[in-house]
file start.cif (mmCIF, C-alpha atoms)
data_entry
loop_
_atom_site.label_atom_id
_atom_site.label_comp_id
_atom_site.auth_asym_id
_atom_site.auth_seq_id
_atom_site.Cartn_x
_atom_site.Cartn_y
_atom_site.Cartn_z
CA MET A 126 26.67 30.55 -4.97
CA ARG A 127 29.33 29.41 -2.51
CA THR A 128 26.78 29.18 0.31
CA ILE A 129 24.68 26.80 -1.80
CA ARG A 130 27.79 24.75 -2.50
CA LEU A 131 28.63 24.50 1.20
CA PHE A 132 25.13 23.18 1.95
CA SER A 133 25.47 20.76 -0.97
CA ILE A 134 28.70 19.41 0.51
CA LEU A 135 27.01 18.84 3.87
CA ASP A 136 24.08 17.11 2.15
CA ALA A 137 26.49 14.85 0.27
CA LEU A 138 28.37 13.94 3.45
CA ARG A 139 25.33 13.20 5.59
CA SER A 140 23.88 10.89 2.93
CA ARG A 141 26.94 8.59 3.09
CA ARG A 142 28.34 6.46 5.88
CA SER A 143 31.84 6.09 4.49
CA ALA A 144 34.42 8.76 3.75
CA VAL A 145 33.84 10.77 0.57
CA PRO A 146 36.96 11.68 -1.45
CA ALA A 147 37.48 15.31 -2.42
CA ALA A 148 37.68 14.24 -6.06
CA MET A 149 34.17 12.78 -5.88
CA LEU A 150 32.78 15.95 -4.29
CA ALA A 151 34.54 18.08 -6.90
CA ASP A 152 33.03 16.02 -9.71
CA MET A 153 29.54 16.19 -8.17
CA LEU A 154 29.67 19.98 -7.78
CA GLY A 155 31.60 20.83 -10.93
CA VAL A 156 34.53 22.50 -9.16
CA THR A 157 38.20 21.73 -8.59
CA GLU A 158 39.57 19.70 -5.71
CA ARG A 159 41.39 22.81 -4.50
CA THR A 160 37.97 24.50 -4.15
CA ILE A 161 36.70 21.54 -2.10
CA TYR A 162 39.71 21.81 0.23
CA ARG A 163 38.98 25.51 0.80
CA ASP A 164 35.29 24.78 1.39
CA MET A 165 36.14 22.06 3.92
CA ALA A 166 38.35 24.47 5.80
CA THR A 167 35.49 26.98 5.87
CA LEU A 168 32.98 24.40 7.11
CA LYS A 169 35.32 23.24 9.87
CA ALA A 170 35.91 26.85 10.92
CA MET A 171 32.12 27.26 11.16
CA GLY A 172 31.95 24.33 13.57
CA ALA A 173 30.83 21.51 11.29
CA PRO A 174 32.21 18.26 12.78
CA ILE A 175 33.88 16.97 9.63
CA ARG A 176 36.59 14.36 9.99
CA GLY A 177 39.17 13.57 7.33
CA GLU A 178 41.51 15.36 5.00
CA GLY A 179 42.49 15.69 1.38
CA GLY A 180 43.67 12.42 -0.16
CA VAL A 181 41.77 10.38 2.43
CA GLY A 182 38.18 11.56 2.29
CA TYR A 183 35.70 13.34 4.51
CA ILE A 184 32.91 12.13 6.79
CA LEU A 185 30.32 14.03 8.83
CA GLU A 186 29.90 12.94 12.43
CA ARG A 187 26.43 11.80 13.40
CA GLY A 188 24.09 14.02 15.38
CA TYR A 189 24.99 17.24 13.59
CA PHE A 190 21.94 19.40 12.88
CA LEU A 191 21.43 20.44 9.28
CA PRO A 192 18.70 22.41 7.52
CA PRO A 193 16.13 20.34 5.57
CA MET A 194 17.48 18.70 2.44
CA GLN A 195 16.68 20.19 -0.92
CA PHE A 196 15.72 17.92 -3.81
CA ASP A 197 16.06 18.47 -7.53
CA PRO A 198 13.09 17.42 -9.76
CA ASN A 199 14.55 13.97 -10.56
CA GLU A 200 15.29 13.22 -6.89
CA LEU A 201 11.78 14.26 -5.89
CA ASP A 202 10.26 12.05 -8.60
CA VAL A 203 12.15 9.03 -7.24
CA ILE A 204 11.08 9.74 -3.65
CA LEU A 205 7.42 10.24 -4.53
CA LEU A 206 7.27 7.18 -6.75
CA GLY A 207 8.77 5.05 -3.99
CA ILE A 208 6.27 6.35 -1.43
CA ARG A 209 3.36 5.75 -3.81
CA MET A 210 4.55 2.20 -4.47
CA VAL A 211 4.48 1.57 -0.71
CA LYS A 212 0.95 3.00 -0.51
CA ALA A 213 -0.14 0.77 -3.40
CA ARG A 214 1.46 -2.47 -2.24
CA GLY A 215 1.97 -2.16 1.51
CA ASP A 216 -0.25 -3.09 4.42
CA ALA A 217 -2.25 -0.64 6.55
CA ALA A 218 0.74 0.25 8.77
CA MET A 219 2.98 0.93 5.79
CA ARG A 220 0.32 3.04 4.05
CA GLU A 221 -0.17 5.10 7.20
CA THR A 222 3.59 5.60 7.49
CA ALA A 223 3.78 6.64 3.84
CA GLU A 224 1.12 9.29 4.47
CA ARG A 225 3.14 10.66 7.41
CA VAL A 226 6.27 10.80 5.26
CA LEU A 227 4.37 12.71 2.56
CA GLY A 228 3.19 15.18 5.19
CA LYS A 229 6.71 15.76 6.48
CA LEU A 230 8.02 16.07 2.94
CA GLY A 231 5.44 18.68 2.06
CA ALA A 232 6.29 20.63 5.20
CA VAL A 233 9.97 21.03 4.31
CA LEU A 234 9.66 21.62 0.57
CA SER A 235 9.76 25.22 -0.54
CA GLU A 236 6.60 24.81 -2.64
CA GLY A 237 4.83 22.57 -0.14
CA GLU A 238 1.93 20.56 -1.49
CA ARG A 239 2.43 21.85 -5.02
CA SER A 240 5.75 20.02 -5.21
CA LEU A 241 4.02 16.74 -4.34
CA ASN A 242 1.45 17.04 -7.13
CA ARG A 243 3.43 15.16 -9.78
CA PRO A 244 2.04 12.83 -12.49
CA LEU A 245 3.55 9.62 -11.12
CA LEU A 246 1.39 6.67 -10.09
CA ALA A 247 2.03 3.20 -8.68
CA VAL A 248 -0.62 0.49 -8.91
CA GLY A 249 -0.68 -2.68 -6.85
CA LYS A 250 -2.76 -5.84 -6.84
CA ALA A 251 -4.28 -6.78 -3.52
CA SER A 252 -2.90 -10.00 -2.03
CA SER A 253 -4.61 -12.38 0.38
CA ALA A 254 -5.77 -10.99 3.71
CA LEU A 255 -3.31 -13.16 5.63
CA GLY A 256 -0.46 -12.09 3.35
CA GLN A 257 -1.25 -8.46 4.02
CA ASP A 258 -1.59 -9.07 7.75
CA ALA A 259 1.79 -10.81 7.88
CA LEU A 260 3.71 -7.98 6.23
CA SER A 261 4.24 -5.72 9.24
CA PRO A 262 4.93 -8.55 11.75
CA LEU A 263 7.49 -10.01 9.35
CA ARG A 264 9.17 -6.62 8.88
CA ASP A 265 9.38 -6.32 12.65
CA ALA A 266 10.81 -9.84 12.94
CA ILE A 267 13.48 -8.98 10.36
CA ARG A 268 14.49 -5.85 12.29
CA LYS A 269 14.56 -7.67 15.64
CA ARG A 270 16.11 -10.83 14.15
CA ARG A 271 13.48 -13.16 15.59
CA LYS A 272 12.83 -16.59 14.12
CA VAL A 273 9.44 -17.19 12.51
CA GLN A 274 7.50 -20.47 12.36
CA LEU A 275 5.64 -20.77 9.06
CA SER A 276 2.97 -23.10 7.77
CA TYR A 277 3.46 -22.81 4.02
CA ALA A 278 1.70 -24.24 0.96
CA ASP A 279 3.72 -24.82 -2.20
CA MET A 280 2.41 -24.62 -5.79
CA GLN A 281 0.92 -28.12 -5.44
CA GLU A 282 -0.85 -27.04 -2.21
CA ARG A 283 1.36 -29.29 -0.11
CA VAL A 284 1.65 -27.72 3.34
CA SER A 285 4.83 -27.91 5.40
CA ASP A 286 6.00 -26.33 8.65
CA ARG A 287 9.23 -24.35 8.50
CA LEU A 288 11.30 -22.65 11.18
CA THR A 289 12.94 -19.70 9.44
CA ARG A 290 15.29 -16.79 9.94
CA PRO A 291 13.49 -13.93 8.14
CA LEU A 292 16.02 -11.86 6.21
CA GLY A 293 14.28 -9.64 3.66
CA LEU A 294 11.08 -8.77 1.82
CA THR A 295 10.68 -8.11 -1.90
CA ALA A 296 7.66 -6.51 -3.57
CA PHE A 297 6.91 -8.02 -6.96
CA GLU A 298 4.12 -6.84 -9.26
CA SER A 299 1.35 -8.79 -7.55
CA VAL A 300 2.89 -10.41 -4.47
CA TRP A 301 5.34 -9.90 -1.61
CA VAL A 302 8.05 -12.53 -1.10
CA LEU A 303 9.86 -13.30 2.15
CA THR A 304 13.48 -14.40 1.79
CA ALA A 305 14.57 -16.48 4.75
CA TRP A 306 17.11 -19.02 5.89
CA CYS A 307 15.16 -22.24 6.31
CA GLU A 308 16.40 -24.21 9.30
CA MET A 309 14.80 -27.43 8.00
CA ARG A 310 16.36 -27.22 4.51
CA GLY A 311 19.60 -25.62 5.67
CA GLY A 312 19.51 -23.00 2.94
CA PHE A 313 17.89 -19.88 1.56
CA ARG A 314 14.23 -20.13 0.57
CA ASN A 315 11.66 -17.67 -0.78
CA PHE A 316 8.10 -17.73 0.56
CA ARG A 317 5.20 -15.97 -1.12
CA LEU A 318 3.16 -14.19 1.51
CA ASP A 319 -0.11 -15.18 -0.15
CA ARG A 320 0.82 -18.86 0.34
CA ILE A 321 1.51 -18.57 4.06
CA ARG A 322 -1.26 -20.45 5.83
CA SER A 323 -0.22 -19.38 9.32
CA TYR A 324 2.80 -17.86 11.03
CA LYS A 325 4.19 -17.21 14.48
CA VAL A 326 6.96 -14.80 15.39
CA THR A 327 8.93 -16.55 18.13
CA GLU A 328 10.93 -15.05 20.99
CA THR A 329 14.09 -16.77 19.73
CA ARG A 330 16.60 -14.35 18.28
CA PHE A 331 19.14 -15.45 15.68
CA PRO A 332 22.68 -14.03 15.55
CA MET A 333 24.57 -12.49 12.67
CA GLU A 334 26.13 -15.45 10.89
CA PRO A 335 28.31 -15.26 7.76
CA GLY A 336 26.75 -17.14 4.86
CA LYS A 337 23.23 -16.88 6.22
CA GLU A 338 22.48 -13.16 5.74
CA PHE A 339 20.40 -11.34 3.14
CA GLN A 340 23.52 -9.98 1.45
CA ASP A 341 24.79 -13.56 1.14
CA TYR A 342 21.54 -14.53 -0.57
CA LEU A 343 21.85 -11.64 -3.03
CA LYS A 344 25.28 -12.88 -4.03
CA THR A 345 23.70 -16.17 -5.17
CA LEU A 346 21.42 -14.46 -7.70
#
call {"tool": "encode", "arguments": {"input": "start.cif", "output": "structure tokens"}}
result
Amino acid sequence: MRTIRLFSILDALRSRRSAVPAAMLADMLGVTERTIYRDMATLKAMGAPIRGEGGVGYILERGYFLPPMQFDPNELDVILLGIRMVKARGDAAMRETAERVLGKLGAVLSEGERSLNRPLLAVGKASSALGQDALSPLRDAIRKRRKVQLSYADMQERVSDRLTRPLGLTAFESVWVLTAWCEMRGGFRNFRLDRIRSYKVTETRFPMEPGKEFQDYLKTL
């Protein structure tokens, strides 16, 4: 029982980037804080690179090798549903990646393929060919912080050219939407991928700038 708890502590630490208080770990595992302190001492003695102390919180240094994570039924349902949503609504590259993730997941689960056979489906409506084609290049532009030139048609079919800073992508029921900082309008704008007439990922990179990031946009909602 204690061995399982020790692995659970390591799983909890590696899934978080900030320090985790002993009280939170105790609540998650249904034990006392004193038990967590003893477990931390044991893990450190075993060589686990855990930084922190009681009253402050604990964090696991990056690069530490751990056995494969174990998932309870609810966690596995969430993971599988998310992967199936990507397969239903993503482009070819995302669907291929989702298949690879499923393969890796089946390889580490104790029941293998049987664990993946769960009655959860995700259905998507196909968008325009250009919208689908733009999905992976736009994801790459977001990661690399490269500006994108768009030719975009609004609801009245009026076409305009926009130089944008791509910030995030959202999958709605029947369409993907690009959230970007529009250089022409000087503000956040949302662009439906199925209304993009043409696009070009430029070589110009945009810096981190307070007030113009995706998290700043979310605060306006």
call {"tool": "resolve_selection", "arguments": {"input": "start.cif", "expression": "the PyMOL selection byres ((chain A and resi 163) around 12)", "output": "PyMOL selection string"}}
result
chain A and resi 127+130-131+134+147+151+156-162+164-170+178-179
call {"tool": "resolve_selection", "arguments": {"input": "start.cif", "expression": "the PyMOL selection byres ((chain A and resi 311) around 12)", "output": "VMD selection string"}}
result
chain A and resid 287 to 290 305 to 310 312 to 314 336 to 337
call {"tool": "write_last_selection", "arguments": {"input": "start.cif", "atoms": "C-alpha atoms", "output": "PDB file, keeping the file's coordinate frame"}}
result
ATOM      1  CA  ARG A 287       9.230 -24.350   8.500  1.00  0.00           C
ATOM      2  CA  LEU A 288      11.300 -22.650  11.180  1.00  0.00           C
ATOM      3  CA  THR A 289      12.940 -19.700   9.440  1.00  0.00           C
ATOM      4  CA  ARG A 290      15.290 -16.790   9.940  1.00  0.00           C
ATOM      5  CA  ALA A 305      14.570 -16.480   4.750  1.00  0.00           C
ATOM      6  CA  TRP A 306      17.110 -19.020   5.890  1.00  0.00           C
ATOM      7  CA  CYS A 307      15.160 -22.240   6.310  1.00  0.00           C
ATOM      8  CA  GLU A 308      16.400 -24.210   9.300  1.00  0.00           C
ATOM      9  CA  MET A 309      14.800 -27.430   8.000  1.00  0.00           C
ATOM     10  CA  ARG A 310      16.360 -27.220   4.510  1.00  0.00           C
ATOM     11  CA  GLY A 312      19.510 -23.000   2.940  1.00  0.00           C
ATOM     12  CA  PHE A 313      17.890 -19.880   1.560  1.00  0.00           C
ATOM     13  CA  ARG A 314      14.230 -20.130   0.570  1.00  0.00           C
ATOM     14  CA  GLY A 336      26.750 -17.140   4.860  1.00  0.00           C
ATOM     15  CA  LYS A 337      23.230 -16.880   6.220  1.00  0.00           C
TER      16      LYS A 337
END
call {"tool": "atom_distance", "arguments": {"input": "start.cif", "atom1": "CA of Arg322 (chain A)", "atom2": "CA of Ser276 (chain A)"}}
result
5.4 Å
call {"tool": "atom_distance", "arguments": {"input": "start.cif", "atom1": "CA of Pro198 (chain A)", "atom2": "CA of Thr222 (chain A)"}}
result
23.0 Å
call {"tool": "resolve_selection", "arguments": {"input": "start.cif", "expression": "the PyMOL selection byres ((chain A and resi 202-211) around 10)", "output": "ChimeraX atom specification"}}
result
/A:196-201,212-216,219-224,226-227,230,240-249,296
call {"tool": "closest_residue", "arguments": {"input": "start.cif", "among": "A:Ser140, A:Leu318, A:Ile267, A:Val284", "to": "Glu186 (chain A)", "atoms": "all atoms listed in the file"}}
result
A:Ser140
call {"tool": "atom_distance", "arguments": {"input": "start.cif", "atom1": "CA of Arg142 (chain A)", "atom2": "CA of Leu303 (chain A)"}}
result
27.3 Å
call {"tool": "closest_residue", "arguments": {"input": "start.cif", "among": "A:Ala217, A:Ala173, A:Ala278, A:Leu260", "to": "Leu138 (chain A)", "atoms": "all atoms listed in the file"}}
result
A:Ala173
call {"tool": "closest_residue", "arguments": {"input": "start.cif", "among": "A:Ala148, A:Leu234, A:Val302, A:Leu346", "to": "Phe316 (chain A)", "atoms": "only C-alpha atoms"}}
result
A:Val302
call {"tool": "residues_around", "arguments": {"input": "start.cif", "residues": "Thr329 (chain A)", "least_positions_apart": "5", "cutoff": "9 Å", "atoms": "only C-alpha atoms", "output": "list of chain:residue names"}}
result
A:Arg270, A:Arg271, A:Lys272, A:Val273
call {"tool": "closest_residue", "arguments": {"input": "start.cif", "among": "A:Phe331, A:Leu154, A:Gly182, A:Met171", "to": "Arg141 (chain A)", "atoms": "all atoms listed in the file"}}
result
A:Gly182
call {"tool": "closest_residue", "arguments": {"input": "start.cif", "among": "A:Asp136, A:Glu338, A:Glu282, A:Glu328", "to": "Thr304 (chain A)", "atoms": "only C-alpha atoms"}}
result
A:Glu338
call {"tool": "build_atoms", "arguments": {"input": "start.cif", "residues": "region 159-183 of chain A", "atoms": "N, CA and C atoms", "output": "CSV table (one decimal), keeping the file's coordinate frame"}}
result
chain,number,residue,atom,x,y,z
A,159,ARG,N,40.9,21.7,-5.3
A,159,ARG,CA,41.4,22.8,-4.5
A,159,ARG,C,40.2,23.6,-3.9
A,160,THR,N,39.1,23.8,-4.7
A,160,THR,CA,38.0,24.5,-4.2
A,160,THR,C,37.3,23.7,-3.0
A,161,ILE,N,37.3,22.4,-3.2
A,161,ILE,CA,36.7,21.5,-2.1
A,161,ILE,C,37.5,21.7,-0.8
A,162,TYR,N,38.8,21.7,-1.0
A,162,TYR,CA,39.7,21.8,0.2
A,162,TYR,C,39.4,23.1,0.9
A,163,ARG,N,39.3,24.2,0.2
A,163,ARG,CA,39.0,25.5,0.8
A,163,ARG,C,37.6,25.5,1.5
A,164,ASP,N,36.6,24.9,0.8
A,164,ASP,CA,35.3,24.8,1.4
A,164,ASP,C,35.3,24.0,2.7
A,165,MET,N,36.1,22.9,2.7
A,165,MET,CA,36.1,22.1,3.9
A,165,MET,C,36.7,22.9,5.1
A,166,ALA,N,37.8,23.6,4.8
A,166,ALA,CA,38.4,24.5,5.8
A,166,ALA,C,37.3,25.5,6.3
A,167,THR,N,36.5,26.0,5.5
A,167,THR,CA,35.5,27.0,5.9
A,167,THR,C,34.5,26.3,6.8
A,168,LEU,N,34.0,25.1,6.3
A,168,LEU,CA,33.0,24.4,7.1
A,168,LEU,C,33.5,24.0,8.5
A,169,LYS,N,34.7,23.6,8.6
A,169,LYS,CA,35.3,23.2,9.9
A,169,LYS,C,35.4,24.5,10.8
A,170,ALA,N,35.8,25.6,10.1
A,170,ALA,CA,35.9,26.8,10.9
A,170,ALA,C,34.6,27.3,11.4
A,171,MET,N,33.5,26.9,10.7
A,171,MET,CA,32.1,27.3,11.2
A,171,MET,C,31.6,26.3,12.2
A,172,GLY,N,32.4,25.3,12.5
A,172,GLY,CA,32.0,24.3,13.6
A,172,GLY,C,31.4,23.0,13.1
A,173,ALA,N,31.3,22.8,11.8
A,173,ALA,CA,30.8,21.5,11.3
A,173,ALA,C,31.8,20.4,11.7
A,174,PRO,N,31.3,19.3,12.3
A,174,PRO,CA,32.2,18.3,12.8
A,174,PRO,C,32.6,17.3,11.6
A,175,ILE,N,33.4,17.8,10.8
A,175,ILE,CA,33.9,17.0,9.6
A,175,ILE,C,35.2,16.4,10.0
A,176,ARG,N,35.3,15.0,9.8
A,176,ARG,CA,36.6,14.4,10.0
A,176,ARG,C,37.2,14.0,8.6
A,177,GLY,N,38.5,14.0,8.6
A,177,GLY,CA,39.2,13.6,7.3
A,177,GLY,C,40.0,14.7,6.8
A,178,GLU,N,40.6,14.4,5.6
A,178,GLU,CA,41.5,15.4,5.0
A,178,GLU,C,41.7,15.0,3.5
A,179,GLY,N,42.3,15.9,2.8
A,179,GLY,CA,42.5,15.7,1.4
A,179,GLY,C,43.3,14.5,1.1
A,180,GLY,N,43.0,13.6,0.1
A,180,GLY,CA,43.7,12.4,-0.2
A,180,GLY,C,43.1,11.2,0.6
A,181,VAL,N,42.4,11.5,1.6
A,181,VAL,CA,41.8,10.4,2.4
A,181,VAL,C,40.3,10.3,2.3
A,182,GLY,N,39.6,11.5,2.4
A,182,GLY,CA,38.2,11.6,2.3
A,182,GLY,C,37.6,12.2,3.5
A,183,TYR,N,36.3,12.6,3.4
A,183,TYR,CA,35.7,13.3,4.5
A,183,TYR,C,34.4,12.6,4.9
